[in-house]
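Working notes for the structure below.
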Amino acid sequence: MPMLYDYFRSSASFRVRIALELKGIAHDRFQVHLVRDGGEQHAPSYRALNPAGLVPVWSDESGLLSQSLAIVEYLEETAPEPALLPRAPADRAWVRSLALSVACDIHPLNNLRVLKYLERELGASEDARKAWYAHWVEDGLASVEAMLTAHPAASAFAFGETATLADVCIVPQVANALRFACKLSHVPRVRALYDHCMTQPAFQRAAPEPAEPA
């Protein structure tokens, strides 16, 4: 059985879980607790799976994969239905650009190791860390809002009438924004997309639920 190594609060892992649920791919999950005992991702046994010490990691008969978007695109190629990317090259590129706006521009500035560095190495207070987080999330989602508003194919989902790679990335980022009480009043299109996606069973099944106390 394929295995997903993840953590319930990891938005990168949430992306992969959404894709797995949309495609109906059977798999097992192994929780890598990112906080307990200093972070299980630092254990040598996990570093053997992913030298970067990050989640998620996907394991199947073909081997190990890290990086959430690489995993999702692998799933797209090995289990192509339902498709998470449109057929036309320009449309595929636009959906990828939305996904990458989250995965490359917003998320790296706000993941756990960055917040811990701000605290431990730079002496940032809790209020300062929250302000850092909110600034980059709110600014990044404003860009996503503008992209969605300008594109004619954006509907209840980011593109067309079914979920795509863009929704797979946007929804976890909004979930994190809500968790950290970020302002979303300036991104009504993004918030509506999140609310719509979270009515869909695949997104609901993939949503963060602790397997054990956080």
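Naming works like this for the structure tokens: A, B, ... for the chains as they're shown, residue 1 at the start of each chain, ligands 1 onward in shown order.
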
Need to verify the contact set: region 200-204 of chain A, 12 Å, only C-alpha atoms, exclusion of same-chain residues closer than 3 positions in sequence. Can you return it as a PyMOL selection string? chain A and resi 14-25+156-157+162-164+167-172+175+193-197+207-209

Restricted to N, CA and C atoms, what would the selected residues look like written as an mmCIF file, in the first residue's frame?
data_model
loop_
_atom_site.group_PDB
_atom_site.id
_atom_site.type_symbol
_atom_site.label_atom_id
_atom_site.label_comp_id
_atom_site.auth_asym_id
_atom_site.auth_seq_id
_atom_site.Cartn_x
_atom_site.Cartn_y
_atom_site.Cartn_z
ATOM 1 N N PHE A 14 -1.592 18.812 3.322
ATOM 2 C CA PHE A 14 -3.012 18.984 3.009
ATOM 3 C C PHE A 14 -3.211 18.973 1.494
ATOM 4 N N ARG A 15 -2.318 19.630 0.749
ATOM 5 C CA ARG A 15 -2.418 19.623 -0.718
ATOM 6 C C ARG A 15 -2.444 18.199 -1.262
ATOM 7 N N VAL A 16 -1.509 17.397 -0.794
ATOM 8 C CA VAL A 16 -1.414 16.029 -1.307
ATOM 9 C C VAL A 16 -2.639 15.213 -0.893
ATOM 10 N N ARG A 17 -3.098 15.408 0.327
ATOM 11 C CA ARG A 17 -4.290 14.676 0.769
ATOM 12 C C ARG A 17 -5.495 15.021 -0.093
ATOM 13 N N ILE A 18 -5.636 16.297 -0.460
ATOM 14 C CA ILE A 18 -6.747 16.679 -1.337
ATOM 15 C C ILE A 18 -6.644 15.945 -2.667
ATOM 16 N N ALA A 19 -5.461 15.959 -3.272
ATOM 17 C CA ALA A 19 -5.289 15.281 -4.560
ATOM 18 C C ALA A 19 -5.595 13.791 -4.453
ATOM 19 N N LEU A 20 -5.137 13.168 -3.391
ATOM 20 C CA LEU A 20 -5.397 11.737 -3.193
ATOM 21 C C LEU A 20 -6.892 11.469 -3.063
ATOM 22 N N GLU A 21 -7.594 12.330 -2.338
ATOM 23 C CA GLU A 21 -9.031 12.139 -2.169
ATOM 24 C C GLU A 21 -9.786 12.406 -3.470
ATOM 25 N N LEU A 22 -9.400 13.443 -4.194
ATOM 26 C CA LEU A 22 -10.057 13.722 -5.469
ATOM 27 C C LEU A 22 -9.901 12.564 -6.439
ATOM 28 N N LYS A 23 -8.734 11.943 -6.426
ATOM 29 C CA LYS A 23 -8.466 10.852 -7.359
ATOM 30 C C LYS A 23 -8.846 9.481 -6.808
ATOM 31 N N GLY A 24 -9.221 9.425 -5.542
ATOM 32 C CA GLY A 24 -9.634 8.150 -4.957
ATOM 33 C C GLY A 24 -8.513 7.139 -4.865
ATOM 34 N N ILE A 25 -7.318 7.586 -4.546
ATOM 35 C CA ILE A 25 -6.153 6.697 -4.474
ATOM 36 C C ILE A 25 -6.014 6.152 -3.057
ATOM 37 N N ALA A 156 -16.719 28.933 -9.470
ATOM 38 C CA ALA A 156 -16.712 28.559 -8.059
ATOM 39 C C ALA A 156 -15.370 27.941 -7.677
ATOM 40 N N PHE A 157 -14.758 27.264 -8.633
ATOM 41 C CA PHE A 157 -13.384 26.786 -8.477
ATOM 42 C C PHE A 157 -12.447 27.796 -9.145
ATOM 43 N N THR A 162 -14.526 22.129 -12.134
ATOM 44 C CA THR A 162 -14.007 21.085 -11.254
ATOM 45 C C THR A 162 -12.724 21.576 -10.593
ATOM 46 N N ALA A 163 -12.340 20.917 -9.530
ATOM 47 C CA ALA A 163 -11.130 21.307 -8.804
ATOM 48 C C ALA A 163 -9.888 21.028 -9.637
ATOM 49 N N THR A 164 -8.928 21.922 -9.507
ATOM 50 C CA THR A 164 -7.653 21.783 -10.201
ATOM 51 C C THR A 164 -6.507 21.906 -9.199
ATOM 52 N N ASP A 167 -6.788 24.949 -6.881
ATOM 53 C CA ASP A 167 -7.608 24.789 -5.679
ATOM 54 C C ASP A 167 -6.890 23.954 -4.636
ATOM 55 N N VAL A 168 -6.173 22.943 -5.093
ATOM 56 C CA VAL A 168 -5.407 22.069 -4.187
ATOM 57 C C VAL A 168 -4.417 22.887 -3.364
ATOM 58 N N CYS A 169 -3.891 23.966 -3.937
ATOM 59 C CA CYS A 169 -2.919 24.803 -3.220
ATOM 60 C C CYS A 169 -3.575 25.957 -2.462
ATOM 61 N N ILE A 170 -4.591 26.558 -3.037
ATOM 62 C CA ILE A 170 -5.209 27.722 -2.405
ATOM 63 C C ILE A 170 -5.934 27.346 -1.121
ATOM 64 N N VAL A 171 -6.682 26.254 -1.134
ATOM 65 C CA VAL A 171 -7.496 25.897 0.030
ATOM 66 C C VAL A 171 -6.661 25.701 1.298
ATOM 67 N N PRO A 172 -5.565 24.932 1.278
ATOM 68 C CA PRO A 172 -4.767 24.807 2.503
ATOM 69 C C PRO A 172 -4.189 26.136 2.985
ATOM 70 N N ALA A 175 -6.932 27.905 4.747
ATOM 71 C CA ALA A 175 -7.163 27.241 6.030
ATOM 72 C C ALA A 175 -6.163 27.726 7.070
ATOM 73 N N LEU A 193 -13.955 30.837 -2.914
ATOM 74 C CA LEU A 193 -13.402 29.589 -3.450
ATOM 75 C C LEU A 193 -13.180 28.584 -2.331
ATOM 76 N N TYR A 194 -12.565 29.046 -1.248
ATOM 77 C CA TYR A 194 -12.330 28.153 -0.098
ATOM 78 C C TYR A 194 -13.649 27.590 0.422
ATOM 79 N N ASP A 195 -14.625 28.458 0.632
ATOM 80 C CA ASP A 195 -15.906 28.003 1.180
ATOM 81 C C ASP A 195 -16.568 26.989 0.257
ATOM 82 N N HIS A 196 -16.486 27.226 -1.055
ATOM 83 C CA HIS A 196 -17.090 26.282 -1.996
ATOM 84 C C HIS A 196 -16.361 24.942 -1.970
ATOM 85 N N CYS A 197 -15.044 24.995 -2.026
ATOM 86 C CA CYS A 197 -14.280 23.741 -2.025
ATOM 87 C C CYS A 197 -14.551 22.928 -0.765
ATOM 88 N N ALA A 207 -9.233 17.371 5.055
ATOM 89 C CA ALA A 207 -9.004 18.480 5.979
ATOM 90 C C ALA A 207 -8.227 18.046 7.220
ATOM 91 N N PRO A 208 -7.483 18.975 7.820
ATOM 92 C CA PRO A 208 -6.685 18.613 8.998
ATOM 93 C C PRO A 208 -7.527 18.108 10.143
ATOM 94 N N GLU A 209 -7.220 16.911 10.590
ATOM 95 C CA GLU A 209 -7.838 16.325 11.767
ATOM 96 C C GLU A 209 -6.746 15.597 12.529
#

For Lys183 (chain A), list every protein, DNA or RNA residue within 9 Å, evaluated using only C-alpha atoms, and leave out those in the same chain fewer than 3 positions away; present the list as a ChimeraX atom specification.
/A:134,137-138,177-178,186-187

Using only C-alpha atoms, what table do you get, as a Markdown table, when you list each residue of region 45-64 of chain A with an atom no more than 12 Å from region 110-115 of chain A, its nearest pair of atoms, and their distance in Å rounded to one decimal, rows by chain then rising number?
| residue | atom | partner | partner_atom | distance |
| --- | --- | --- | --- | --- |
| A:Ala52 | CA | A:Arg113 | CA | 11.3 |
| A:Gly53 | CA | A:Arg113 | CA | 10.2 |
| A:Leu54 | CA | A:Arg113 | CA | 9.4 |
| A:Val55 | CA | A:Asn111 | CA | 11.0 |

Review point. Could you pull the residues within 10 Å of Glu40 (chain A), counting only C-alpha atoms, minus those fewer than 6 positions along the same chain, as a list in words?
Key: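 The filter keeps Gln31, Val32, His33, Leu34, Tyr46, Arg47, Gly53 and Leu54 of chain A.
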